[in-house]
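To be precise, the following lines are protein_4.pdb, and they hold PDB, C-alpha atoms and all ligand atoms.
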ATOM      1  CA  MET A   1      38.627 119.880-100.661  1.00  0.00           C
ATOM      2  CA  PRO A   2      37.131 121.968-103.496  1.00  0.00           C
ATOM      3  CA  PRO A   3      39.489 124.749-104.697  1.00  0.00           C
ATOM      4  CA  ASP A   4      37.043 127.543-103.765  1.00  0.00           C
ATOM      5  CA  ARG A   5      36.794 126.440-100.144  1.00  0.00           C
ATOM      6  CA  PRO A   6      38.660 128.671 -97.671  1.00  0.00           C
ATOM      7  CA  PRO A   7      41.379 126.973 -95.603  1.00  0.00           C
ATOM      8  CA  ALA A   8      40.520 125.466 -92.193  1.00  0.00           C
ATOM      9  CA  GLY A   9      40.491 128.153 -89.524  1.00  0.00           C
ATOM     10  CA  ALA A  10      39.366 130.864 -91.936  1.00  0.00           C
ATOM     11  CA  ARG A  11      35.740 129.790 -91.690  1.00  0.00           C
ATOM     12  CA  PRO A  12      33.574 128.594 -88.821  1.00  0.00           C
ATOM     13  CA  LEU A  13      33.697 124.879 -88.116  1.00  0.00           C
ATOM     14  CA  ARG A  14      30.426 123.249 -89.154  1.00  0.00           C
ATOM     15  CA  LEU A  15      28.918 121.351 -86.224  1.00  0.00           C
ATOM     16  CA  GLY A  16      26.172 118.746 -86.180  1.00  0.00           C
ATOM     17  CA  VAL A  17      24.406 117.897 -82.924  1.00  0.00           C
ATOM     18  CA  MET A  18      22.445 114.783 -81.912  1.00  0.00           C
ATOM     19  CA  ALA A  19      19.930 115.065 -79.053  1.00  0.00           C
ATOM     20  CA  SER A  20      17.131 112.995 -77.547  1.00  0.00           C
ATOM     21  CA  GLY A  21      15.729 115.136 -74.753  1.00  0.00           C
ATOM     22  CA  GLU A  22      15.734 118.599 -73.286  1.00  0.00           C
ATOM     23  CA  GLY A  23      18.534 119.955 -75.452  1.00  0.00           C
ATOM     24  CA  SER A  24      20.176 122.256 -72.912  1.00  0.00           C
ATOM     25  CA  ASN A  25      23.637 121.153 -74.070  1.00  0.00           C
ATOM     26  CA  PHE A  26      22.648 121.786 -77.675  1.00  0.00           C
ATOM     27  CA  GLU A  27      21.591 125.321 -76.734  1.00  0.00           C
ATOM     28  CA  ALA A  28      24.824 125.854 -74.765  1.00  0.00           C
ATOM     29  CA  LEU A  29      26.799 124.999 -77.913  1.00  0.00           C
ATOM     30  CA  VAL A  30      24.753 127.387 -80.035  1.00  0.00           C
ATOM     31  CA  ALA A  31      25.290 130.122 -77.422  1.00  0.00           C
ATOM     32  CA  ALA A  32      29.059 129.485 -77.331  1.00  0.00           C
ATOM     33  CA  CYS A  33      29.167 129.905 -81.119  1.00  0.00           C
ATOM     34  CA  GLN A  34      27.051 133.065 -80.974  1.00  0.00           C
ATOM     35  CA  ARG A  35      29.263 134.742 -78.381  1.00  0.00           C
ATOM     36  CA  GLY A  36      32.365 133.846 -80.375  1.00  0.00           C
ATOM     37  CA  GLN A  37      33.749 131.488 -77.723  1.00  0.00           C
ATOM     38  CA  LEU A  38      33.776 128.810 -80.393  1.00  0.00           C
ATOM     39  CA  ALA A  39      34.716 129.543 -84.008  1.00  0.00           C
ATOM     40  CA  ALA A  40      31.919 127.307 -85.170  1.00  0.00           C
ATOM     41  CA  THR A  41      28.314 127.201 -86.239  1.00  0.00           C
ATOM     42  CA  VAL A  42      25.704 124.586 -85.363  1.00  0.00           C
ATOM     43  CA  CYS A  43      24.274 123.919 -88.789  1.00  0.00           C
ATOM     44  CA  GLN A  44      22.252 120.744 -88.194  1.00  0.00           C
ATOM     45  CA  LEU A  45      20.444 119.196 -85.226  1.00  0.00           C
ATOM     46  CA  VAL A  46      19.067 115.663 -85.415  1.00  0.00           C
ATOM     47  CA  VAL A  47      16.660 114.299 -82.818  1.00  0.00           C
ATOM     48  CA  ASN A  48      15.158 110.836 -82.409  1.00  0.00           C
ATOM     49  CA  ASN A  49      12.176 111.857 -80.280  1.00  0.00           C
ATOM     50  CA  PRO A  50       9.626 113.978 -82.154  1.00  0.00           C
ATOM     51  CA  CYS A  51       8.696 117.199 -80.304  1.00  0.00           C
ATOM     52  CA  CYS A  52      11.453 116.803 -77.709  1.00  0.00           C
ATOM     53  CA  GLY A  53      12.816 119.882 -75.969  1.00  0.00           C
ATOM     54  CA  ALA A  54      15.833 120.012 -78.274  1.00  0.00           C
ATOM     55  CA  GLU A  55      13.591 120.266 -81.332  1.00  0.00           C
ATOM     56  CA  GLN A  56      11.645 123.129 -79.718  1.00  0.00           C
ATOM     57  CA  ARG A  57      14.897 124.930 -78.936  1.00  0.00           C
ATOM     58  CA  ALA A  58      16.092 124.494 -82.541  1.00  0.00           C
ATOM     59  CA  LEU A  59      12.903 126.125 -83.794  1.00  0.00           C
ATOM     60  CA  ARG A  60      13.440 129.080 -81.449  1.00  0.00           C
ATOM     61  CA  LEU A  61      17.144 129.364 -82.295  1.00  0.00           C
ATOM     62  CA  GLY A  62      16.693 128.972 -86.040  1.00  0.00           C
ATOM     63  CA  VAL A  63      18.845 125.844 -86.317  1.00  0.00           C
ATOM     64  CA  PRO A  64      17.727 123.305 -88.955  1.00  0.00           C
ATOM     65  CA  CYS A  65      16.401 120.191 -87.225  1.00  0.00           C
ATOM     66  CA  THR A  66      15.667 116.777 -88.692  1.00  0.00           C
ATOM     67  CA  VAL A  67      13.705 114.126 -86.825  1.00  0.00           C
ATOM     68  CA  HIS A  68      14.950 110.578 -87.257  1.00  0.00           C
ATOM     69  CA  ASP A  69      12.601 108.600 -85.041  1.00  0.00           C
ATOM     70  CA  HIS A  70      14.512 105.428 -84.117  1.00  0.00           C
ATOM     71  CA  ARG A  71      11.174 103.545 -84.067  1.00  0.00           C
ATOM     72  CA  SER A  72      10.972 103.982 -87.851  1.00  0.00           C
ATOM     73  CA  TYR A  73      14.282 102.242 -88.584  1.00  0.00           C
ATOM     74  CA  SER A  74      14.868  98.512 -88.820  1.00  0.00           C
ATOM     75  CA  SER A  75      18.246  98.567 -87.061  1.00  0.00           C
ATOM     76  CA  ARG A  76      20.679 100.804 -85.206  1.00  0.00           C
ATOM     77  CA  GLU A  77      22.839 100.859 -88.314  1.00  0.00           C
ATOM     78  CA  ALA A  78      19.951 102.001 -90.524  1.00  0.00           C
ATOM     79  CA  LEU A  79      19.288 104.883 -88.117  1.00  0.00           C
ATOM     80  CA  ASP A  80      22.958 105.833 -88.107  1.00  0.00           C
ATOM     81  CA  GLN A  81      23.084 105.778 -91.924  1.00  0.00           C
ATOM     82  CA  ALA A  82      20.187 108.252 -91.954  1.00  0.00           C
ATOM     83  CA  LEU A  83      21.982 110.485 -89.456  1.00  0.00           C
ATOM     84  CA  ILE A  84      25.135 110.391 -91.587  1.00  0.00           C
ATOM     85  CA  ALA A  85      23.125 111.374 -94.663  1.00  0.00           C
ATOM     86  CA  SER A  86      21.623 114.371 -92.819  1.00  0.00           C
ATOM     87  CA  PHE A  87      25.013 115.522 -91.579  1.00  0.00           C
ATOM     88  CA  GLN A  88      26.685 115.056 -94.958  1.00  0.00           C
ATOM     89  CA  ALA A  89      23.911 117.000 -96.684  1.00  0.00           C
ATOM     90  CA  ALA A  90      24.595 119.874 -94.250  1.00  0.00           C
ATOM     91  CA  ASP A  91      28.358 119.673 -94.819  1.00  0.00           C
ATOM     92  CA  VAL A  92      28.934 118.885 -91.130  1.00  0.00           C
ATOM     93  CA  GLU A  93      32.579 118.488 -90.097  1.00  0.00           C
ATOM     94  CA  LEU A  94      32.262 117.484 -86.437  1.00  0.00           C
ATOM     95  CA  VAL A  95      29.351 115.876 -84.568  1.00  0.00           C
ATOM     96  CA  VAL A  96      28.382 116.246 -80.899  1.00  0.00           C
ATOM     97  CA  MET A  97      26.167 113.727 -79.093  1.00  0.00           C
ATOM     98  CA  ALA A  98      24.516 116.136 -76.637  1.00  0.00           C
ATOM     99  CA  GLY A  99      22.180 113.912 -74.668  1.00  0.00           C
ATOM    100  CA  TRP A 100      21.811 111.255 -77.395  1.00  0.00           C
ATOM    101  CA  MET A 101      20.249 108.285 -75.640  1.00  0.00           C
ATOM    102  CA  ARG A 102      20.751 105.646 -78.352  1.00  0.00           C
ATOM    103  CA  ILE A 103      23.676 103.282 -78.807  1.00  0.00           C
ATOM    104  CA  VAL A 104      25.637 104.243 -81.914  1.00  0.00           C
ATOM    105  CA  THR A 105      27.249 101.862 -84.399  1.00  0.00           C
ATOM    106  CA  GLN A 106      30.622 101.642 -86.087  1.00  0.00           C
ATOM    107  CA  ALA A 107      29.069 103.206 -89.200  1.00  0.00           C
ATOM    108  CA  LEU A 108      28.676 106.575 -87.470  1.00  0.00           C
ATOM    109  CA  ILE A 109      32.031 106.302 -85.698  1.00  0.00           C
ATOM    110  CA  ASP A 110      33.772 105.596 -89.027  1.00  0.00           C
ATOM    111  CA  ALA A 111      31.938 108.380 -90.857  1.00  0.00           C
ATOM    112  CA  TYR A 112      33.107 110.876 -88.223  1.00  0.00           C
ATOM    113  CA  SER A 113      36.313 109.233 -87.083  1.00  0.00           C
ATOM    114  CA  GLU A 114      37.936 111.366 -84.330  1.00  0.00           C
ATOM    115  CA  ARG A 115      35.131 113.860 -84.999  1.00  0.00           C
ATOM    116  CA  LEU A 116      32.361 112.373 -82.845  1.00  0.00           C
ATOM    117  CA  ILE A 117      32.076 113.747 -79.283  1.00  0.00           C
ATOM    118  CA  ASN A 118      29.840 112.547 -76.452  1.00  0.00           C
ATOM    119  CA  ILE A 119      28.962 114.269 -73.184  1.00  0.00           C
ATOM    120  CA  HIS A 120      28.189 112.021 -70.214  1.00  0.00           C
ATOM    121  CA  PRO A 121      27.063 112.969 -66.682  1.00  0.00           C
ATOM    122  CA  SER A 122      29.759 111.184 -64.680  1.00  0.00           C
ATOM    123  CA  LEU A 123      33.496 111.154 -64.211  1.00  0.00           C
ATOM    124  CA  LEU A 124      34.228 108.352 -66.670  1.00  0.00           C
ATOM    125  CA  PRO A 125      35.203 105.569 -66.468  1.00  0.00           C
ATOM    126  CA  SER A 126      32.861 105.513 -63.448  1.00  0.00           C
ATOM    127  CA  PHE A 127      29.123 105.083 -63.986  1.00  0.00           C
ATOM    128  CA  ARG A 128      28.864 104.377 -67.694  1.00  0.00           C
ATOM    129  CA  GLY A 129      25.493 103.834 -69.370  1.00  0.00           C
ATOM    130  CA  ALA A 130      22.021 105.042 -68.500  1.00  0.00           C
ATOM    131  CA  LYS A 131      21.134 106.671 -65.173  1.00  0.00           C
ATOM    132  CA  ALA A 132      24.694 107.714 -64.379  1.00  0.00           C
ATOM    133  CA  ILE A 133      23.522 110.267 -61.797  1.00  0.00           C
ATOM    134  CA  GLU A 134      21.361 107.701 -60.005  1.00  0.00           C
ATOM    135  CA  GLN A 135      24.318 105.289 -60.032  1.00  0.00           C
ATOM    136  CA  ALA A 136      26.599 107.915 -58.459  1.00  0.00           C
ATOM    137  CA  LEU A 137      24.083 108.680 -55.701  1.00  0.00           C
ATOM    138  CA  ALA A 138      23.542 104.982 -55.004  1.00  0.00           C
ATOM    139  CA  ALA A 139      27.294 104.421 -54.714  1.00  0.00           C
ATOM    140  CA  GLY A 140      27.601 107.246 -52.191  1.00  0.00           C
ATOM    141  CA  VAL A 141      30.445 109.024 -53.987  1.00  0.00           C
ATOM    142  CA  GLN A 142      31.375 112.467 -52.695  1.00  0.00           C
ATOM    143  CA  LEU A 143      32.564 113.735 -56.055  1.00  0.00           C
ATOM    144  CA  SER A 144      30.861 113.341 -59.401  1.00  0.00           C
ATOM    145  CA  GLY A 145      30.912 115.376 -62.586  1.00  0.00           C
ATOM    146  CA  CYS A 146      30.845 115.107 -66.339  1.00  0.00           C
ATOM    147  CA  THR A 147      33.050 113.966 -69.178  1.00  0.00           C
ATOM    148  CA  ALA A 148      33.307 115.005 -72.814  1.00  0.00           C
ATOM    149  CA  HIS A 149      35.078 112.364 -74.868  1.00  0.00           C
ATOM    150  CA  LEU A 150      35.623 111.067 -78.376  1.00  0.00           C
ATOM    151  CA  VAL A 151      33.316 108.156 -79.112  1.00  0.00           C
ATOM    152  CA  SER A 152      34.482 104.536 -79.300  1.00  0.00           C
ATOM    153  CA  LEU A 153      32.198 101.570 -79.961  1.00  0.00           C
ATOM    154  CA  GLU A 154      31.736 100.508 -76.353  1.00  0.00           C
ATOM    155  CA  VAL A 155      29.166 102.767 -74.678  1.00  0.00           C
ATOM    156  CA  ASP A 156      30.650 105.801 -72.888  1.00  0.00           C
ATOM    157  CA  THR A 157      34.250 104.971 -73.715  1.00  0.00           C
ATOM    158  CA  GLY A 158      36.871 106.717 -75.821  1.00  0.00           C
ATOM    159  CA  PRO A 159      39.641 109.268 -75.380  1.00  0.00           C
ATOM    160  CA  ILE A 160      38.711 111.899 -72.796  1.00  0.00           C
ATOM    161  CA  LEU A 161      38.755 115.510 -73.993  1.00  0.00           C
ATOM    162  CA  VAL A 162      37.579 117.467 -70.902  1.00  0.00           C
ATOM    163  CA  GLN A 163      36.203 116.583 -67.465  1.00  0.00           C
ATOM    164  CA  ALA A 164      34.744 118.657 -64.640  1.00  0.00           C
ATOM    165  CA  ALA A 165      34.103 117.557 -61.071  1.00  0.00           C
ATOM    166  CA  VAL A 166      31.310 118.666 -58.755  1.00  0.00           C
ATOM    167  CA  PRO A 167      30.700 117.863 -55.079  1.00  0.00           C
ATOM    168  CA  VAL A 168      27.902 115.477 -54.136  1.00  0.00           C
ATOM    169  CA  LEU A 169      26.111 116.917 -51.094  1.00  0.00           C
ATOM    170  CA  GLU A 170      24.395 114.830 -48.466  1.00  0.00           C
ATOM    171  CA  ALA A 171      20.995 116.301 -49.220  1.00  0.00           C
ATOM    172  CA  ASP A 172      21.347 115.836 -52.983  1.00  0.00           C
ATOM    173  CA  THR A 173      18.529 114.391 -55.033  1.00  0.00           C
ATOM    174  CA  VAL A 174      18.846 113.265 -58.649  1.00  0.00           C
ATOM    175  CA  GLU A 175      17.467 116.663 -59.666  1.00  0.00           C
ATOM    176  CA  SER A 176      19.822 118.786 -57.563  1.00  0.00           C
ATOM    177  CA  LEU A 177      22.913 116.813 -58.585  1.00  0.00           C
ATOM    178  CA  ALA A 178      21.812 116.817 -62.225  1.00  0.00           C
ATOM    179  CA  ALA A 179      21.481 120.609 -62.140  1.00  0.00           C
ATOM    180  CA  ARG A 180      25.008 120.997 -60.729  1.00  0.00           C
ATOM    181  CA  ILE A 181      26.401 118.628 -63.376  1.00  0.00           C
ATOM    182  CA  HIS A 182      24.461 120.292 -66.193  1.00  0.00           C
ATOM    183  CA  ALA A 183      26.018 123.669 -65.407  1.00  0.00           C
ATOM    184  CA  GLN A 184      29.454 122.102 -65.829  1.00  0.00           C
ATOM    185  CA  GLU A 185      28.455 120.259 -68.999  1.00  0.00           C
ATOM    186  CA  HIS A 186      27.424 123.532 -70.590  1.00  0.00           C
ATOM    187  CA  ARG A 187      30.833 124.958 -69.724  1.00  0.00           C
ATOM    188  CA  ILE A 188      33.035 122.050 -70.858  1.00  0.00           C
ATOM    189  CA  LEU A 189      31.260 120.992 -74.048  1.00  0.00           C
ATOM    190  CA  PRO A 190      32.458 124.000 -76.089  1.00  0.00           C
ATOM    191  CA  LEU A 191      35.972 123.447 -74.679  1.00  0.00           C
ATOM    192  CA  ALA A 192      35.837 119.824 -75.796  1.00  0.00           C
ATOM    193  CA  VAL A 193      34.763 120.794 -79.302  1.00  0.00           C
ATOM    194  CA  ARG A 194      37.675 123.212 -79.507  1.00  0.00           C
ATOM    195  CA  ARG A 195      40.099 120.575 -78.244  1.00  0.00           C
ATOM    196  CA  ALA A 196      38.861 117.981 -80.755  1.00  0.00           C
ATOM    197  CA  ALA A 197      39.099 120.493 -83.593  1.00  0.00           C
ATOM    198  CA  GLU A 198      42.628 121.452 -82.561  1.00  0.00           C
ATOM    199  CA  ARG A 199      43.686 117.786 -82.502  1.00  0.00           C
ATOM    200  CA  LEU A 200      42.506 117.514 -86.103  1.00  0.00           C
ATOM    201  CA  GLY A 201      43.984 120.807 -87.250  1.00  0.00           C
ATOM    202  CA  LEU A 202      40.518 122.108 -88.041  1.00  0.00           C
ATOM    203  CA  THR A 203      41.040 125.436 -86.259  1.00  0.00           C
TER     204      THR A 203
HETATM  205  C1  LIG B 301      23.115 115.354 -70.192  1.00  0.00           C
HETATM  206  O1  LIG B 301      23.260 115.350 -68.798  1.00  0.00           O
HETATM  207  C2  LIG B 301      24.061 114.361 -70.826  1.00  0.00           C
HETATM  208  O2  LIG B 301      25.271 114.234 -70.162  1.00  0.00           O
HETATM  209  C3  LIG B 301      23.258 113.087 -70.732  1.00  0.00           C
HETATM  210  O3  LIG B 301      21.951 113.472 -71.038  1.00  0.00           O
HETATM  211  C4  LIG B 301      21.740 114.797 -70.568  1.00  0.00           C
HETATM  212  C5  LIG B 301      21.109 115.603 -71.671  1.00  0.00           C
HETATM  213  O4  LIG B 301      20.699 116.870 -71.196  1.00  0.00           O
HETATM  214  N1  LIG B 301      23.759 112.086 -71.625  1.00  0.00           N
HETATM  215  C6  LIG B 301      23.839 110.803 -71.296  1.00  0.00           C
HETATM  216  O5  LIG B 301      23.450 110.363 -70.240  1.00  0.00           O
HETATM  217  C7  LIG B 301      24.436 109.929 -72.371  1.00  0.00           C
HETATM  218  N2  LIG B 301      24.958 108.719 -71.807  1.00  0.00           N
HETATM  219  P1  LIG B 301      20.200 117.956 -72.244  1.00  0.00           P
HETATM  220  O6  LIG B 301      19.195 117.275 -73.159  1.00  0.00           O
HETATM  221  O7  LIG B 301      19.568 119.012 -71.416  1.00  0.00           O
HETATM  222  O8  LIG B 301      21.393 118.451 -73.013  1.00  0.00           O
END

Can I see the file as structure tokens?
Amino acid sequence: MPPDRPPAGARPLRLGVMASGEGSNFEALVAACQRGQLAATVCQLVVNNPCCGAEQRALRLGVPCTVHDHRSYSSREALDQALIASFQAADVELVVMAGWMRIVTQALIDAYSERLINIHPSLLPSFRGAKAIEQALAAGVQLSGCTAHLVSLEVDTGPILVQAAVPVLEADTVESLAARIHAQEHRILPLAVRRAAERLGLT
């Protein structure tokens, strides 16, 4: 650490966020920082889908956003190397996958070892992978929820930081259950960031 850098805890934690879609979790993190619930600042968003909702939100919120369209990279690893370069250029200390719909490689996990968080719309280890909400409805579970966890190589695995459960109602559709889960995701994601930072002594 350079000598002129204040000690951890004396300055806001520098967060990077990865998003592919709407970006409501990204905005929830920015809001948690703004209201002082999280001693952090979201200093870099990366998106893989040009013009996605997350990019629009970043423009409105004044958060720097870089587009790394996965279709322009020759491999998953090449994409991840570009993400790492963006985060390193922004001095990012901890990265949150907030609706990142690409499989990540060991390169990203190693670059942010113990500092890479994912949010997933199920009570892991149930319903890993894509369409977790559809899977839960098809299985007929009465409880579902969301999980924030540190990222390991296998998709949607890794040490769990925070979970929240929600009821599944008989009349639920994908949309109604997703809305109930989203509300909980927005609540637990800042808690998960704080827990991960505490584990590392960053706060
Ligand atoms: C969230 O529900 C998140 O859990 C999910 O994508 C949604 C993004 O919403 N992520 C995954 O399914 C990853 N496996 P948002 O763009 O509004 O934050």

Go through chain A residue by residue and, counting all atoms listed in the file, keep those with an atom at most 8 Å from ligand LIG 301 (chain B); for each kept residue give the shortest atom pair and its distance in Å to one decimal, ordered by chain and increasing number, as JSON lines.
{"residue": "A:Ala19", "atom": "CA", "partner": "B:LIG301", "partner_atom": "O6", "distance": 6.3}
{"residue": "A:Ser20", "atom": "CA", "partner": "B:LIG301", "partner_atom": "O6", "distance": 6.5}
{"residue": "A:Gly21", "atom": "CA", "partner": "B:LIG301", "partner_atom": "O6", "distance": 4.4}
{"residue": "A:Glu22", "atom": "CA", "partner": "B:LIG301", "partner_atom": "O6", "distance": 3.7}
{"residue": "A:Gly23", "atom": "CA", "partner": "B:LIG301", "partner_atom": "O6", "distance": 3.6}
{"residue": "A:Ser24", "atom": "CA", "partner": "B:LIG301", "partner_atom": "O7", "distance": 3.6}
{"residue": "A:Asn25", "atom": "CA", "partner": "B:LIG301", "partner_atom": "O8", "distance": 3.7}
{"residue": "A:Phe26", "atom": "CA", "partner": "B:LIG301", "partner_atom": "O8", "distance": 5.9}
{"residue": "A:Glu27", "atom": "CA", "partner": "B:LIG301", "partner_atom": "O8", "distance": 7.8}
{"residue": "A:Gly53", "atom": "CA", "partner": "B:LIG301", "partner_atom": "O6", "distance": 7.4}
{"residue": "A:Ala54", "atom": "CA", "partner": "B:LIG301", "partner_atom": "O6", "distance": 6.7}
{"residue": "A:Met97", "atom": "CA", "partner": "B:LIG301", "partner_atom": "C7", "distance": 7.9}
{"residue": "A:Ala98", "atom": "CA", "partner": "B:LIG301", "partner_atom": "O8", "distance": 5.3}
{"residue": "A:Gly99", "atom": "CA", "partner": "B:LIG301", "partner_atom": "C5", "distance": 3.6}
{"residue": "A:Trp100", "atom": "CA", "partner": "B:LIG301", "partner_atom": "C7", "distance": 5.8}
{"residue": "A:Met101", "atom": "CA", "partner": "B:LIG301", "partner_atom": "C7", "distance": 5.6}
{"residue": "A:Asn118", "atom": "CA", "partner": "B:LIG301", "partner_atom": "C7", "distance": 7.3}
{"residue": "A:Ile119", "atom": "CA", "partner": "B:LIG301", "partner_atom": "O2", "distance": 4.8}
{"residue": "A:His120", "atom": "CA", "partner": "B:LIG301", "partner_atom": "O2", "distance": 3.7}
{"residue": "A:Pro121", "atom": "CA", "partner": "B:LIG301", "partner_atom": "O2", "distance": 4.1}
{"residue": "A:Ser122", "atom": "CA", "partner": "B:LIG301", "partner_atom": "O2", "distance": 7.7}
{"residue": "A:Arg128", "atom": "CA", "partner": "B:LIG301", "partner_atom": "N2", "distance": 7.1}
{"residue": "A:Gly129", "atom": "CA", "partner": "B:LIG301", "partner_atom": "N2", "distance": 5.5}
{"residue": "A:Ala130", "atom": "CA", "partner": "B:LIG301", "partner_atom": "N2", "distance": 5.8}
{"residue": "A:Lys131", "atom": "CA", "partner": "B:LIG301", "partner_atom": "O5", "distance": 6.7}
{"residue": "A:Ala132", "atom": "CA", "partner": "B:LIG301", "partner_atom": "O5", "distance": 6.6}
{"residue": "A:Cys146", "atom": "CA", "partner": "B:LIG301", "partner_atom": "O2", "distance": 6.8}
{"residue": "A:Thr147", "atom": "CA", "partner": "B:LIG301", "partner_atom": "O2", "distance": 7.8}
{"residue": "A:Val155", "atom": "CA", "partner": "B:LIG301", "partner_atom": "N2", "distance": 7.8}
{"residue": "A:Asp156", "atom": "CA", "partner": "B:LIG301", "partner_atom": "N2", "distance": 6.5}
{"residue": "A:Ala178", "atom": "CA", "partner": "B:LIG301", "partner_atom": "O1", "distance": 6.9}
{"residue": "A:Ile181", "atom": "CA", "partner": "B:LIG301", "partner_atom": "O1", "distance": 7.1}
{"residue": "A:His182", "atom": "CA", "partner": "B:LIG301", "partner_atom": "O1", "distance": 5.7}
{"residue": "A:Glu185", "atom": "CA", "partner": "B:LIG301", "partner_atom": "O2", "distance": 6.9}

Coordinates-based distance that separates CA of Glu175 (chain A) from CA of Gly145 (chain A) (Å, one decimal): 13.8 Å

Expected answer as JSON, numbers by chain: all residues with atoms within 7 Å of (30.7, 123.5, -85.9), all atoms listed in the file: {"A": [12, 13, 14, 15, 16, 40, 41, 42, 93, 94]}

Atomic separation - CA of Thr157 (chain A) relative to CA of Ser86 (chain A), Å: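 Separation between CA of Ser86 (chain A) and CA of Thr157 (chain A): 24.8 Å.
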
Given all atoms listed in the file as the counted atoms, nearest of A:Ser152, A:Gln44, A:Thr105, A:Gln142 to Val92 (chain A):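 Ranking A:Ser152, A:Gln44, A:Thr105, A:Gln142 by distance to Val92 (chain A), first place goes to A:Gln44.
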
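The coordinates place CA of Ile109 (chain A) at 15.6 Å from CA of Ile160 (chain A).
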
Using all atoms listed in the file: which of A:Ala89, A:Val141, A:Ala28, A:Leu61 has the shortest distance to Ser126 (chain A): A:Val141

Expected answer as a PyMOL selection string: all residues with atoms within 9 Å of (32.4, 118.4, -54.0), only C-alpha atoms: chain A and resi 142-144+165-169

If I wrap all listed atoms of region 41-46 of chain A in a box with edges along x, y and z and add 6 Å on each side, what are its centre and edge lengths in Å to one decimal, as JSON?
{"center_x": 23.7, "center_y": 121.4, "center_z": -87.0, "size_x": 21.2, "size_y": 23.5, "size_z": 15.6}

Hits from the PyMOL selection byres (((chain A and resi 106) around 9) and not hetatm), listed as a PDB file with C-alpha atoms, in the frame of the given file:
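Here's the written file result04.pdb:
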ATOM      1  CA  GLU A  77      22.839 100.859 -88.314  1.00  0.00           C
ATOM      2  CA  ASP A  80      22.958 105.833 -88.107  1.00  0.00           C
ATOM      3  CA  VAL A 104      25.637 104.243 -81.914  1.00  0.00           C
ATOM      4  CA  THR A 105      27.249 101.862 -84.399  1.00  0.00           C
ATOM      5  CA  ALA A 107      29.069 103.206 -89.200  1.00  0.00           C
ATOM      6  CA  LEU A 108      28.676 106.575 -87.470  1.00  0.00           C
ATOM      7  CA  ILE A 109      32.031 106.302 -85.698  1.00  0.00           C
ATOM      8  CA  ASP A 110      33.772 105.596 -89.027  1.00  0.00           C
ATOM      9  CA  ALA A 111      31.938 108.380 -90.857  1.00  0.00           C
ATOM     10  CA  SER A 152      34.482 104.536 -79.300  1.00  0.00           C
ATOM     11  CA  LEU A 153      32.198 101.570 -79.961  1.00  0.00           C
TER      12      LEU A 153
END

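Considering the residues A:Val96, A:Ala90, A:Ala183, A:Ile133 and counting all atoms listed in the file, Leu29 (chain A) has its shortest atom-to-atom contact with A:Val96.
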
Matched chain/residue IDs from the PyMOL selection byres (((chain A and resi 83) around 9) and not hetatm), as a list in words: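 Selected by the PyMOL selection byres (((chain A and resi 83) around 9) and not hetatm) here: Met18, Val46, Thr66, His68, Ala78, Leu79, Asp80, Gln81, Ala82, Ile84, Ala85, Ser86, Phe87, Gln88 and Leu108 of chain A.
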
Nearest to Val95 (chain A) by atom-to-atom distance, counting all atoms listed in the file, from A:Arg76, A:Arg60, A:His149, A:Arg71: A:His149
